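One file, coords-v1.txt, carrying compact mmCIF, C-alpha atoms (C1' of nucleotides):
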# COMPACT_ATOMS: atom_id res chain seq x y z
CA MET A 16 -3.03 2.58 21.44
CA ASP A 17 -0.40 1.83 18.84
CA ALA A 18 -0.36 1.19 15.10
CA ILE A 19 -1.47 -2.44 15.51
CA ASP A 20 -4.48 -1.45 17.63
CA ARG A 21 -5.44 1.06 14.97
CA LYS A 22 -5.14 -1.55 12.28
CA LEU A 23 -7.29 -3.97 14.27
CA ILE A 24 -9.94 -1.28 14.70
CA ASP A 25 -10.03 -0.56 10.98
CA ILE A 26 -10.30 -4.25 10.10
CA LEU A 27 -13.08 -4.83 12.63
CA GLN A 28 -14.99 -1.77 11.46
CA GLU A 29 -15.28 -3.44 8.08
CA ASP A 30 -15.85 -7.01 9.28
CA ALA A 31 -16.31 -7.79 12.94
CA SER A 32 -17.03 -11.46 12.26
CA LEU A 33 -13.38 -12.32 11.67
CA SER A 34 -11.84 -14.74 14.15
CA TYR A 35 -8.83 -13.87 16.26
CA SER A 36 -6.70 -16.24 14.25
CA VAL A 37 -7.55 -14.44 11.00
CA LEU A 38 -6.96 -11.09 12.67
CA GLY A 39 -3.64 -12.41 13.95
CA THR A 40 -2.55 -13.32 10.46
CA LYS A 41 -3.53 -9.89 9.17
CA VAL A 42 -1.61 -7.94 11.80
CA GLY A 43 1.22 -10.42 12.39
CA LEU A 44 0.38 -11.45 15.95
CA SER A 45 -0.63 -14.63 17.75
CA VAL A 46 -4.22 -15.44 18.64
CA SER A 47 -3.77 -14.62 22.30
CA ALA A 48 -2.07 -11.30 21.61
CA VAL A 49 -4.98 -10.28 19.41
CA ASN A 50 -7.41 -11.43 22.09
CA ASP A 51 -5.59 -9.27 24.67
CA ARG A 52 -5.64 -6.19 22.49
CA VAL A 53 -9.28 -6.48 21.47
CA ARG A 54 -10.35 -7.10 25.07
CA LYS A 55 -8.46 -4.02 26.22
CA LEU A 56 -9.97 -1.92 23.43
CA ARG A 57 -13.39 -3.03 24.62
CA GLU A 58 -12.57 -2.33 28.26
CA GLN A 59 -11.30 1.14 27.37
CA GLY A 60 -14.54 1.82 25.50
CA ILE A 61 -12.74 2.43 22.22
CA ILE A 62 -14.65 -0.51 20.80
CA GLN A 63 -18.11 0.39 22.05
CA ALA A 64 -20.27 -2.41 20.68
CA TYR A 65 -20.75 -5.10 18.06
CA LYS A 66 -23.52 -4.40 15.55
CA ILE A 67 -25.01 -5.72 12.36
CA ALA A 68 -25.63 -3.71 9.21
CA VAL A 69 -29.15 -4.31 7.94
CA ASP A 70 -30.72 -3.91 4.52
CA THR A 71 -33.21 -1.16 5.37
CA ASN A 72 -35.01 -1.85 2.14
CA ALA A 73 -35.87 -5.36 3.32
CA ILE A 74 -37.39 -4.09 6.53
CA GLY A 75 -39.45 -1.39 4.86
CA ARG A 76 -37.69 1.77 5.90
CA SER A 77 -36.05 3.03 2.74
CA LEU A 78 -36.91 6.73 2.71
CA THR A 79 -34.28 9.06 4.12
CA ALA A 80 -35.18 12.63 4.99
CA MET A 81 -33.26 15.50 6.51
CA VAL A 82 -35.28 17.94 8.57
CA TRP A 83 -34.05 21.36 9.58
CA LEU A 84 -35.50 22.80 12.77
CA ARG A 85 -35.55 26.33 14.11
CA THR A 86 -36.40 26.58 17.79
CA ASP A 87 -37.68 29.19 20.19
CA PRO A 88 -34.62 30.85 21.75
CA ALA A 89 -36.63 31.68 24.86
CA LYS A 90 -37.15 28.01 25.71
CA GLY A 91 -34.29 25.64 26.30
CA ASN A 92 -33.84 22.79 23.87
CA LYS A 93 -33.63 19.97 26.41
CA LYS A 94 -37.22 18.82 26.14
CA LEU A 95 -37.14 19.00 22.38
CA VAL A 96 -33.97 16.94 22.10
CA LYS A 97 -35.36 14.39 24.52
CA SER A 98 -38.50 14.01 22.41
CA LEU A 99 -36.51 13.76 19.22
CA ILE A 100 -34.07 11.07 20.28
CA LYS A 101 -36.89 8.94 21.70
CA ALA A 102 -38.41 8.47 18.24
CA ASP A 103 -37.09 5.52 16.27
CA GLU A 104 -37.63 7.45 13.05
CA VAL A 105 -34.83 9.77 14.19
CA LEU A 106 -31.44 8.28 13.33
CA GLU A 107 -29.44 11.42 14.01
CA CYS A 108 -29.94 14.68 15.84
CA HIS A 109 -27.29 17.37 15.55
CA HIS A 110 -27.23 20.82 17.11
CA MET A 111 -25.93 22.92 14.23
CA THR A 112 -24.44 26.26 13.41
CA GLY A 113 -26.12 28.29 10.68
CA ARG A 114 -29.60 29.64 10.10
CA PHE A 115 -31.28 26.59 11.64
CA ASP A 116 -30.68 25.11 15.06
CA PHE A 117 -31.02 21.37 14.49
CA LEU A 118 -30.52 18.92 11.71
CA VAL A 119 -32.48 15.72 12.15
CA LYS A 120 -31.99 12.68 9.96
CA LEU A 121 -35.02 10.44 9.56
CA ARG A 122 -35.53 6.94 8.20
CA LEU A 123 -39.13 6.33 7.20
CA ARG A 124 -41.36 3.88 5.39
CA ASP A 125 -42.60 6.29 2.71
CA THR A 126 -43.70 9.85 2.09
CA ALA A 127 -46.94 9.27 3.97
CA HIS A 128 -44.89 8.30 7.00
CA LEU A 129 -42.75 11.42 6.53
CA GLU A 130 -45.83 13.60 6.27
CA SER A 131 -47.40 12.26 9.45
CA PHE A 132 -44.16 12.29 11.40
CA VAL A 133 -43.39 15.90 10.46
CA SER A 134 -46.94 17.18 10.85
CA ASP A 135 -48.13 15.20 13.84
CA THR A 136 -44.95 14.53 15.78
CA ILE A 137 -42.18 17.04 15.09
CA LYS A 138 -44.39 20.12 14.77
CA GLU A 139 -45.99 19.26 18.11
CA MET A 140 -42.68 19.07 19.93
CA PRO A 141 -41.87 21.80 22.50
CA GLY A 142 -40.10 24.87 21.13
CA VAL A 143 -40.28 24.05 17.43
CA VAL A 144 -40.94 27.21 15.41
CA GLU A 145 -39.86 26.21 11.90
CA VAL A 146 -39.55 22.90 10.11
CA LEU A 147 -37.90 22.37 6.73
CA PRO A 148 -37.89 18.78 5.53
CA GLU A 149 -35.85 17.65 2.55
CA ILE A 150 -35.80 14.22 0.96
CA ALA A 151 -32.81 12.13 -0.13
CA LEU A 152 -33.36 11.16 -3.76
CA SER A 153 -30.49 8.71 -3.51
CA THR A 154 -27.66 7.92 -1.13
CA ALA A 155 -24.25 7.21 -2.64
CA LYS A 156 -22.54 6.51 0.69
CA GLU A 157 -23.65 5.96 4.25
CA THR A 158 -21.18 4.60 6.75
CA MET A 159 -19.85 5.03 10.27
CA PHE A 160 -16.33 4.00 9.27
CA VAL A 161 -13.69 6.40 10.56
CA PRO A 162 -10.09 5.42 9.91
CA ALA A 163 -8.14 4.85 13.10
CA GLN A 164 -5.02 4.39 11.00
CA LEU A 165 -2.98 7.57 11.03
CA GLU A 166 -3.04 9.07 7.58
CA THR A 167 0.01 10.03 5.63
CA ASP A 168 -0.98 13.51 4.50
CA MET B 61 -39.41 -13.07 7.37
CA ASP B 62 -41.69 -13.38 10.37
CA ALA B 63 -41.97 -11.70 13.76
CA ILE B 64 -39.16 -13.78 15.25
CA ASP B 65 -36.76 -12.88 12.44
CA ARG B 66 -37.60 -9.22 13.02
CA LYS B 67 -36.96 -9.60 16.71
CA LEU B 68 -33.61 -11.28 16.05
CA ILE B 69 -32.63 -8.43 13.73
CA ASP B 70 -33.49 -5.83 16.34
CA ILE B 71 -31.55 -7.65 19.05
CA LEU B 72 -28.50 -8.08 16.82
CA GLN B 73 -28.58 -4.46 15.74
CA GLU B 74 -28.03 -3.53 19.37
CA ASP B 75 -25.58 -6.32 20.27
CA ALA B 76 -24.22 -8.64 17.64
CA SER B 77 -21.87 -10.35 20.10
CA LEU B 78 -24.63 -12.42 21.70
CA SER B 79 -24.33 -16.19 21.29
CA TYR B 80 -27.03 -18.24 19.60
CA SER B 81 -28.01 -19.76 22.92
CA VAL B 82 -28.64 -16.33 24.43
CA LEU B 83 -30.55 -15.28 21.32
CA GLY B 84 -32.56 -18.49 21.59
CA THR B 85 -33.57 -17.67 25.15
CA LYS B 86 -34.61 -14.16 24.15
CA VAL B 87 -36.83 -15.25 21.27
CA GLY B 88 -37.97 -18.60 22.67
CA LEU B 89 -36.24 -20.89 20.18
CA SER B 90 -33.57 -23.57 20.29
CA VAL B 91 -29.97 -22.91 19.36
CA SER B 92 -30.23 -24.70 16.03
CA ALA B 93 -33.39 -22.84 15.07
CA VAL B 94 -31.68 -19.52 15.77
CA ASN B 95 -28.64 -20.67 13.83
CA ASP B 96 -30.87 -21.52 10.86
CA ARG B 97 -32.63 -18.19 10.92
CA VAL B 98 -29.53 -16.04 11.25
CA ARG B 99 -27.76 -17.96 8.49
CA LYS B 100 -30.75 -17.45 6.18
CA LEU B 101 -30.93 -13.75 7.01
CA ARG B 102 -27.26 -13.47 6.06
CA GLU B 103 -27.76 -15.45 2.86
CA GLN B 104 -30.70 -13.25 1.89
CA GLY B 105 -28.57 -10.17 2.44
CA ILE B 106 -30.91 -8.81 5.08
CA ILE B 107 -28.04 -9.01 7.54
CA GLN B 108 -25.33 -7.39 5.42
CA ALA B 109 -22.30 -7.37 7.70
CA TYR B 110 -20.97 -7.44 11.23
CA LYS B 111 -19.40 -4.19 12.42
CA ILE B 112 -18.01 -2.53 15.51
CA ALA B 113 -19.02 0.85 16.86
CA VAL B 114 -15.96 2.93 17.65
CA ASP B 115 -15.40 5.89 19.96
CA THR B 116 -14.51 8.48 17.33
CA ASN B 117 -13.19 10.72 20.06
CA ALA B 118 -10.51 8.17 20.92
CA ILE B 119 -9.28 8.00 17.36
CA GLY B 120 -9.14 11.75 16.88
CA ARG B 121 -12.04 12.39 14.55
CA SER B 122 -14.59 14.16 16.69
CA LEU B 123 -15.70 17.07 14.52
CA THR B 124 -18.88 16.50 12.50
CA ALA B 125 -19.75 18.85 9.66
CA MET B 126 -22.56 18.93 7.13
CA VAL B 127 -21.73 20.43 3.78
CA TRP B 128 -24.32 21.52 1.25
CA LEU B 129 -23.27 21.44 -2.38
CA ARG B 130 -24.77 23.06 -5.44
CA THR B 131 -23.57 21.61 -8.72
CA ASP B 132 -23.37 22.65 -12.34
CA PRO B 133 -26.54 21.36 -14.02
CA ALA B 134 -24.72 21.17 -17.37
CA LYS B 135 -22.30 18.53 -16.10
CA GLY B 136 -23.45 15.19 -14.77
CA ASN B 137 -22.81 14.44 -11.12
CA LYS B 138 -21.14 11.06 -11.60
CA LYS B 139 -17.56 12.24 -11.36
CA LEU B 140 -18.35 14.41 -8.36
CA VAL B 141 -20.06 11.60 -6.48
CA LYS B 142 -17.19 9.26 -7.27
CA SER B 143 -14.70 11.76 -5.85
CA LEU B 144 -16.79 12.37 -2.77
CA ILE B 145 -17.32 8.77 -1.74
CA LYS B 146 -13.63 7.98 -2.18
CA ALA B 147 -12.69 10.35 0.65
CA ASP B 148 -12.66 8.81 4.12
CA GLU B 149 -13.71 12.16 5.58
CA VAL B 150 -17.06 11.65 3.82
CA LEU B 151 -19.34 9.45 5.91
CA GLU B 152 -22.49 10.15 3.94
CA CYS B 153 -23.40 11.55 0.56
CA HIS B 154 -27.04 12.17 -0.26
CA HIS B 155 -28.56 13.56 -3.43
CA MET B 156 -31.21 15.89 -2.05
CA THR B 157 -34.29 17.81 -2.97
CA GLY B 158 -34.35 21.52 -2.17
CA ARG B 159 -32.16 24.48 -3.03
CA PHE B 160 -28.95 22.45 -2.86
CA ASP B 161 -28.13 19.27 -4.74
CA PHE B 162 -26.07 17.28 -2.25
CA LEU B 163 -25.73 16.95 1.47
CA VAL B 164 -22.38 15.56 2.55
CA LYS B 165 -21.64 14.51 6.12
CA LEU B 166 -18.02 14.77 7.18
CA ARG B 167 -16.05 13.47 10.16
CA LEU B 168 -12.86 15.42 10.73
CA ARG B 169 -10.05 15.92 13.19
CA ASP B 170 -10.67 19.63 13.82
CA THR B 171 -11.62 22.88 12.16
CA ALA B 172 -8.26 23.09 10.41
CA HIS B 173 -8.99 19.72 8.84
CA LEU B 174 -12.44 20.98 7.82
CA GLU B 175 -10.98 24.12 6.31
CA SER B 176 -8.44 22.25 4.22
CA PHE B 177 -10.88 19.56 3.14
CA VAL B 178 -13.49 22.08 2.03
CA SER B 179 -11.05 24.51 0.40
CA ASP B 180 -8.55 22.13 -1.14
CA THR B 181 -10.58 19.03 -1.81
CA ILE B 182 -14.30 19.68 -2.18
CA LYS B 183 -14.03 23.01 -4.00
CA GLU B 184 -11.68 21.40 -6.51
CA MET B 185 -14.10 18.60 -7.33
CA PRO B 186 -15.72 18.57 -10.81
CA GLY B 187 -18.98 20.47 -11.11
CA VAL B 188 -19.07 22.09 -7.66
CA VAL B 189 -20.43 25.63 -7.90
CA GLU B 190 -21.43 26.37 -4.30
CA VAL B 191 -20.32 25.01 -0.95
CA LEU B 192 -22.02 25.71 2.36
CA PRO B 193 -20.44 23.99 5.36
CA GLU B 194 -22.09 23.87 8.75
CA ILE B 195 -20.69 22.45 11.95
CA ALA B 196 -22.36 20.18 14.49
CA LEU B 197 -22.01 21.79 17.91
CA SER B 198 -23.19 18.59 19.54
CA THR B 199 -24.78 15.35 18.52
CA ALA B 200 -27.57 13.99 20.69
CA LYS B 201 -28.13 10.82 18.67
CA GLU B 202 -26.31 9.04 15.88
CA THR B 203 -27.31 5.51 15.03
CA MET B 204 -28.05 3.17 12.15
CA PHE B 205 -30.70 1.30 14.13
CA VAL B 206 -33.93 0.86 12.21
CA PRO B 207 -36.61 -1.22 13.89
CA ALA B 208 -37.48 -4.35 11.96
CA GLN B 209 -40.22 -5.02 14.47
CA LEU B 210 -43.56 -3.94 13.05
CA GLU B 211 -44.79 -0.99 15.02
CA THR B 212 -48.16 -0.77 16.63
CA ASP B 213 -49.24 2.65 15.46
C1' DG C 295 4.66 -6.53 25.68
C1' DG C 296 4.78 -11.33 23.29
C1' DT C 297 4.13 -16.96 22.63
C1' DG C 298 2.17 -21.54 22.98
C1' DA C 299 -0.71 -25.08 24.93
C1' DA C 300 -4.79 -26.71 27.26
C1' DA C 301 -9.74 -26.44 28.61
C1' DG C 302 -14.14 -25.05 27.69
C1' DA C 303 -17.61 -22.80 24.93
C1' DC C 304 -19.48 -22.05 20.60
C1' DG C 305 -20.81 -22.70 15.70
C1' DC C 306 -22.40 -25.74 12.46
C1' DA C 307 -24.13 -29.80 10.20
C1' DC C 308 -26.81 -33.84 10.39
C1' DA C 309 -30.01 -37.29 11.79
C1' DT C 310 -34.36 -38.27 14.41
C1' DG C 311 -38.93 -37.31 15.90
C1' DC D 136 -39.05 -26.70 15.00
C1' DA D 137 -36.81 -29.41 19.17
C1' DT D 138 -33.49 -32.49 20.66
C1' DG D 139 -29.20 -35.32 20.20
C1' DT D 140 -24.58 -35.97 18.69
C1' DG D 141 -20.25 -35.06 16.75
C1' DC D 142 -16.55 -32.36 15.29
C1' DG D 143 -13.97 -28.51 14.14
C1' DT D 144 -13.13 -23.89 15.41
C1' DC D 145 -12.95 -20.21 18.41
C1' DT D 146 -12.36 -17.96 22.88
C1' DT D 147 -10.14 -17.59 27.11
C1' DT D 148 -6.87 -18.37 30.52
C1' DC D 149 -2.43 -19.32 32.27
C1' DA D 150 2.39 -20.54 32.61
C1' DC D 151 6.46 -18.94 30.49
C1' DC D 152 9.65 -15.80 27.92

Translate the structure described by the file into structure tokens.
Amino acid sequence: MDAIDRKLIDILQEDASLSYSVLGTKVGLSVSAVNDRVRKLREQGIIQAYKIAVDTNAIGRSLTAMVWLRTDPAKGNKKLVKSLIKADEVLECHHMTGRFDFLVKLRLRDTAHLESFVSDTIKEMPGVVEVLPEIALSTAKETMFVPAQLETD
Amino acid sequence: MDAIDRKLIDILQEDASLSYSVLGTKVGLSVSAVNDRVRKLREQGIIQAYKIAVDTNAIGRSLTAMVWLRTDPAKGNKKLVKSLIKADEVLECHHMTGRFDFLVKLRLRDTAHLESFVSDTIKEMPGVVEVLPEIALSTAKETMFVPAQLETD
DNA sequence: GGTGAAAGACGCACATG
DNA sequence: CATGTGCGTCTTTCACC
């Protein structure tokens, strides 16, 4: 992976609908060279998938909550994690350092949805001993973009 | 937006590289009908953009950290938020309820990168009075997928 | 590694029912 | 909304450098 591959990745992270000819103009290569490079990046798994970004407001899931979990150290966490990642309300599940064991990011319809999901679903999951939900009042940034371009710092 | 639009959104969230003819087969519509619907969803801003998912491991940014910030209530938070979202290390920035004011999600090269970003960058930002970084030991799920399909619960 | 050309598939618009 | 057509663009492959 060289500098041109990295540039292609950064461009496609922002807009994956660009054609190979436009990409070629941007990186100074021919259409077929761009095609080659993108295909190889896909084959290597560096480009994992093509996705769309959706207006979550329009589909009625605009409440973001972060839930801290403390778990029973006697039990393993495998069953808990399996239950968590199965739920479509759970966007992220991280095993964390610090006083709590897990940080779970939720996307929900409203506070009623949060209440029922925390009370009826999370608290019933195996090994959960403490639950601390917090609500996002606003979100100034939310992206998956990670620069492939090597920084100059 | 009807049930078919919602289904199209869910399919495209998982794989936006599918052709209109494949989409048509999946939802039981003709190519031109699918074309119409997807174009309208884009025009309405419900489909916001096309993106790629990247293997962050391959591009050398595999450390995830969550940083809690407490800010000076005397100052506004505008300048701070502006500084935060400018940094490419910052993937997410949420204004939160609870003891802290902000939760910031970072993607970094390694712990040295975390140390320098927290010490040299975040702590120097206007209005920051307390910084509590925590590291993700592992991440079991990390997605932006939000079901547009109306659930049956 | 790259280019350029050719073939086929796809996107897109339009007209008809 | 389905089907047809037409056309431009894009993808993909392949011979060549």

Quick check: residues of chain A within 6 Å of chain B, all atoms listed in the file, returned as a PyMOL selection string.
chain A and resi 28+30-32+61-70+74+106-112+149-158+163

Point out the residue among B:Ile64, B:Leu89, B:Val82, B:Val127 with the least atom-to-atom distance to chain D, counting all atoms listed in the file.
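Looking only at the distances to chain D, the closest residue turns out to be B:Leu89.
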
Produce the least-squares-superposed copy of chain A, fitted on chain B over all in-order C-alpha pairs, as a tab-separated table (two decimals) with C-alpha atoms, in the coordinates of the input.
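For reference, selection.tsv as written:
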chain	number	residue	atom	x	y	z
A	16	MET	CA	-39.35	-13.02	7.28
A	17	ASP	CA	-41.64	-13.39	10.26
A	18	ALA	CA	-41.97	-11.75	13.67
A	19	ILE	CA	-39.14	-13.84	15.16
A	20	ASP	CA	-36.73	-12.86	12.38
A	21	ARG	CA	-37.60	-9.23	12.99
A	22	LYS	CA	-37.00	-9.62	16.68
A	23	LEU	CA	-33.63	-11.27	16.04
A	24	ILE	CA	-32.65	-8.40	13.75
A	25	ASP	CA	-33.55	-5.80	16.36
A	26	ILE	CA	-31.62	-7.63	19.08
A	27	LEU	CA	-28.55	-8.04	16.87
A	28	GLN	CA	-28.64	-4.40	15.80
A	29	GLU	CA	-28.12	-3.49	19.43
A	30	ASP	CA	-25.65	-6.25	20.34
A	31	ALA	CA	-24.27	-8.57	17.72
A	32	SER	CA	-21.94	-10.27	20.19
A	33	LEU	CA	-24.71	-12.34	21.76
A	34	SER	CA	-24.40	-16.09	21.34
A	35	TYR	CA	-27.05	-18.19	19.65
A	36	SER	CA	-28.01	-19.71	22.96
A	37	VAL	CA	-28.72	-16.28	24.47
A	38	LEU	CA	-30.62	-15.27	21.35
A	39	GLY	CA	-32.57	-18.52	21.60
A	40	THR	CA	-33.62	-17.72	25.13
A	41	LYS	CA	-34.71	-14.24	24.11
A	42	VAL	CA	-36.88	-15.36	21.21
A	43	GLY	CA	-37.96	-18.75	22.59
A	44	LEU	CA	-36.14	-21.00	20.12
A	45	SER	CA	-33.40	-23.61	20.25
A	46	VAL	CA	-29.79	-22.85	19.36
A	47	SER	CA	-29.98	-24.57	16.00
A	48	ALA	CA	-33.20	-22.82	15.01
A	49	VAL	CA	-31.60	-19.47	15.74
A	50	ASN	CA	-28.52	-20.52	13.79
A	51	ASP	CA	-30.72	-21.42	10.80
A	52	ARG	CA	-32.58	-18.14	10.85
A	53	VAL	CA	-29.50	-15.95	11.23
A	54	ARG	CA	-27.69	-17.83	8.46
A	55	LYS	CA	-30.65	-17.37	6.13
A	56	LEU	CA	-30.87	-13.67	6.99
A	57	ARG	CA	-27.21	-13.36	6.05
A	58	GLU	CA	-27.66	-15.33	2.84
A	59	GLN	CA	-30.62	-13.16	1.85
A	60	GLY	CA	-28.52	-10.05	2.45
A	61	ILE	CA	-30.89	-8.72	5.09
A	62	ILE	CA	-28.03	-8.93	7.55
A	63	GLN	CA	-25.33	-7.31	5.45
A	64	ALA	CA	-22.32	-7.33	7.76
A	65	TYR	CA	-21.00	-7.42	11.30
A	66	LYS	CA	-19.40	-4.18	12.49
A	67	ILE	CA	-18.00	-2.54	15.57
A	68	ALA	CA	-19.00	0.86	16.91
A	69	VAL	CA	-15.91	2.92	17.69
A	70	ASP	CA	-15.34	5.87	19.99
A	71	THR	CA	-14.45	8.47	17.35
A	72	ASN	CA	-13.11	10.70	20.06
A	73	ALA	CA	-10.43	8.14	20.90
A	74	ILE	CA	-9.24	7.96	17.32
A	75	GLY	CA	-9.12	11.71	16.83
A	76	ARG	CA	-12.02	12.35	14.53
A	77	SER	CA	-14.57	14.13	16.68
A	78	LEU	CA	-15.69	17.04	14.51
A	79	THR	CA	-18.86	16.49	12.51
A	80	ALA	CA	-19.73	18.83	9.67
A	81	MET	CA	-22.55	18.94	7.16
A	82	VAL	CA	-21.71	20.42	3.79
A	83	TRP	CA	-24.30	21.52	1.27
A	84	LEU	CA	-23.27	21.42	-2.37
A	85	ARG	CA	-24.77	23.05	-5.43
A	86	THR	CA	-23.57	21.59	-8.71
A	87	ASP	CA	-23.39	22.63	-12.33
A	88	PRO	CA	-26.56	21.34	-14.00
A	89	ALA	CA	-24.76	21.16	-17.34
A	90	LYS	CA	-22.34	18.51	-16.08
A	91	GLY	CA	-23.49	15.18	-14.76
A	92	ASN	CA	-22.85	14.41	-11.12
A	93	LYS	CA	-21.20	11.02	-11.59
A	94	LYS	CA	-17.62	12.19	-11.34
A	95	LEU	CA	-18.39	14.36	-8.36
A	96	VAL	CA	-20.11	11.57	-6.46
A	97	LYS	CA	-17.25	9.22	-7.25
A	98	SER	CA	-14.74	11.71	-5.85
A	99	LEU	CA	-16.83	12.32	-2.77
A	100	ILE	CA	-17.39	8.73	-1.73
A	101	LYS	CA	-13.69	7.93	-2.18
A	102	ALA	CA	-12.73	10.30	0.64
A	103	ASP	CA	-12.70	8.78	4.10
A	104	GLU	CA	-13.74	12.12	5.56
A	105	VAL	CA	-17.09	11.63	3.82
A	106	LEU	CA	-19.37	9.43	5.92
A	107	GLU	CA	-22.53	10.15	3.96
A	108	CYS	CA	-23.43	11.54	0.58
A	109	HIS	CA	-27.08	12.17	-0.23
A	110	HIS	CA	-28.60	13.57	-3.41
A	111	MET	CA	-31.22	15.92	-2.01
A	112	THR	CA	-34.30	17.86	-2.94
A	113	GLY	CA	-34.33	21.56	-2.13
A	114	ARG	CA	-32.14	24.52	-2.99
A	115	PHE	CA	-28.93	22.47	-2.84
A	116	ASP	CA	-28.14	19.28	-4.70
A	117	PHE	CA	-26.08	17.28	-2.22
A	118	LEU	CA	-25.74	16.95	1.49
A	119	VAL	CA	-22.40	15.56	2.58
A	120	LYS	CA	-21.65	14.51	6.13
A	121	LEU	CA	-18.02	14.75	7.19
A	122	ARG	CA	-16.06	13.44	10.15
A	123	LEU	CA	-12.86	15.38	10.70
A	124	ARG	CA	-10.04	15.87	13.15
A	125	ASP	CA	-10.63	19.58	13.79
A	126	THR	CA	-11.57	22.84	12.13
A	127	ALA	CA	-8.22	23.02	10.38
A	128	HIS	CA	-8.98	19.67	8.79
A	129	LEU	CA	-12.44	20.94	7.81
A	130	GLU	CA	-10.95	24.07	6.29
A	131	SER	CA	-8.42	22.19	4.18
A	132	PHE	CA	-10.87	19.51	3.12
A	133	VAL	CA	-13.49	22.05	2.01
A	134	SER	CA	-11.04	24.45	0.38
A	135	ASP	CA	-8.55	22.07	-1.15
A	136	THR	CA	-10.60	18.96	-1.83
A	137	ILE	CA	-14.33	19.63	-2.19
A	138	LYS	CA	-14.04	22.96	-4.01
A	139	GLU	CA	-11.70	21.32	-6.52
A	140	MET	CA	-14.12	18.53	-7.34
A	141	PRO	CA	-15.75	18.52	-10.81
A	142	GLY	CA	-19.02	20.44	-11.10
A	143	VAL	CA	-19.06	22.04	-7.67
A	144	VAL	CA	-20.41	25.59	-7.89
A	145	GLU	CA	-21.40	26.35	-4.29
A	146	VAL	CA	-20.31	24.99	-0.94
A	147	LEU	CA	-22.00	25.69	2.38
A	148	PRO	CA	-20.41	23.97	5.36
A	149	GLU	CA	-22.07	23.86	8.75
A	150	ILE	CA	-20.66	22.44	11.96
A	151	ALA	CA	-22.34	20.17	14.52
A	152	LEU	CA	-21.98	21.82	17.92
A	153	SER	CA	-23.16	18.62	19.56
A	154	THR	CA	-24.78	15.36	18.54
A	155	ALA	CA	-27.57	14.03	20.74
A	156	LYS	CA	-28.13	10.86	18.70
A	157	GLU	CA	-26.33	9.06	15.92
A	158	THR	CA	-27.34	5.54	15.06
A	159	MET	CA	-28.11	3.20	12.18
A	160	PHE	CA	-30.75	1.32	14.16
A	161	VAL	CA	-33.98	0.88	12.22
A	162	PRO	CA	-36.66	-1.20	13.90
A	163	ALA	CA	-37.51	-4.33	11.95
A	164	GLN	CA	-40.28	-5.02	14.44
A	165	LEU	CA	-43.60	-3.94	13.00
A	166	GLU	CA	-44.86	-0.99	14.96
A	167	THR	CA	-48.26	-0.79	16.53
A	168	ASP	CA	-49.34	2.65	15.36

Using all atoms listed in the file, I'd like a table of the residues in chain A that come within 10 Å of chain C; for each, show the closest atom pair and its distance in Å rounded to one decimal, ordered by chain and ascending number, as JSON lines.
{"residue": "A:Leu44", "atom": "CA", "partner": "C:DG296", "partner_atom": "C1'", "distance": 8.6}
{"residue": "A:Ser45", "atom": "CA", "partner": "C:DT297", "partner_atom": "C1'", "distance": 7.2}
{"residue": "A:Val46", "atom": "CA", "partner": "C:DT297", "partner_atom": "C1'", "distance": 9.4}
{"residue": "A:Ser47", "atom": "CA", "partner": "C:DT297", "partner_atom": "C1'", "distance": 8.2}
{"residue": "A:Ala48", "atom": "CA", "partner": "C:DG296", "partner_atom": "C1'", "distance": 7.1}

Per-residue nearest contacts chain D to chain B, cut-off 12 Å, using all atoms listed in the file, as JSON lines:
{"residue": "D:DC136", "atom": "C1'", "partner": "B:Ala93", "partner_atom": "CA", "distance": 6.9}
{"residue": "D:DA137", "atom": "C1'", "partner": "B:Ser90", "partner_atom": "CA", "distance": 6.8}
{"residue": "D:DT138", "atom": "C1'", "partner": "B:Ser90", "partner_atom": "CA", "distance": 8.9}
{"residue": "D:DG139", "atom": "C1'", "partner": "B:Ser92", "partner_atom": "CA", "distance": 11.5}

Would you mind reading off the distance between CA of Gly187 in chain B and CA of Gly136 in chain B, one decimal, in Å?
7.8 Å

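Separating CA of Lys67 in chain B from CA of Lys86 in chain B is a distance of 9.0 Å.
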
Could you tell me which of B:Ile182, B:Ala147, B:Val87, B:Val98 comes closest to Glu166 in chain A if we count all atoms listed in the file?
B:Ala147

Separation of CA of Asn50 in chain A from CA of Tyr35 in chain A, in Å and rounded to one decimal:
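Distance between the two atoms: 6.5 Å.
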
Pick out the closest residue to Trp128 in chain B from this set: B:Leu83, B:Val178, B:Asp62, B:Ala172. Count only C-alpha atoms.
B:Val178
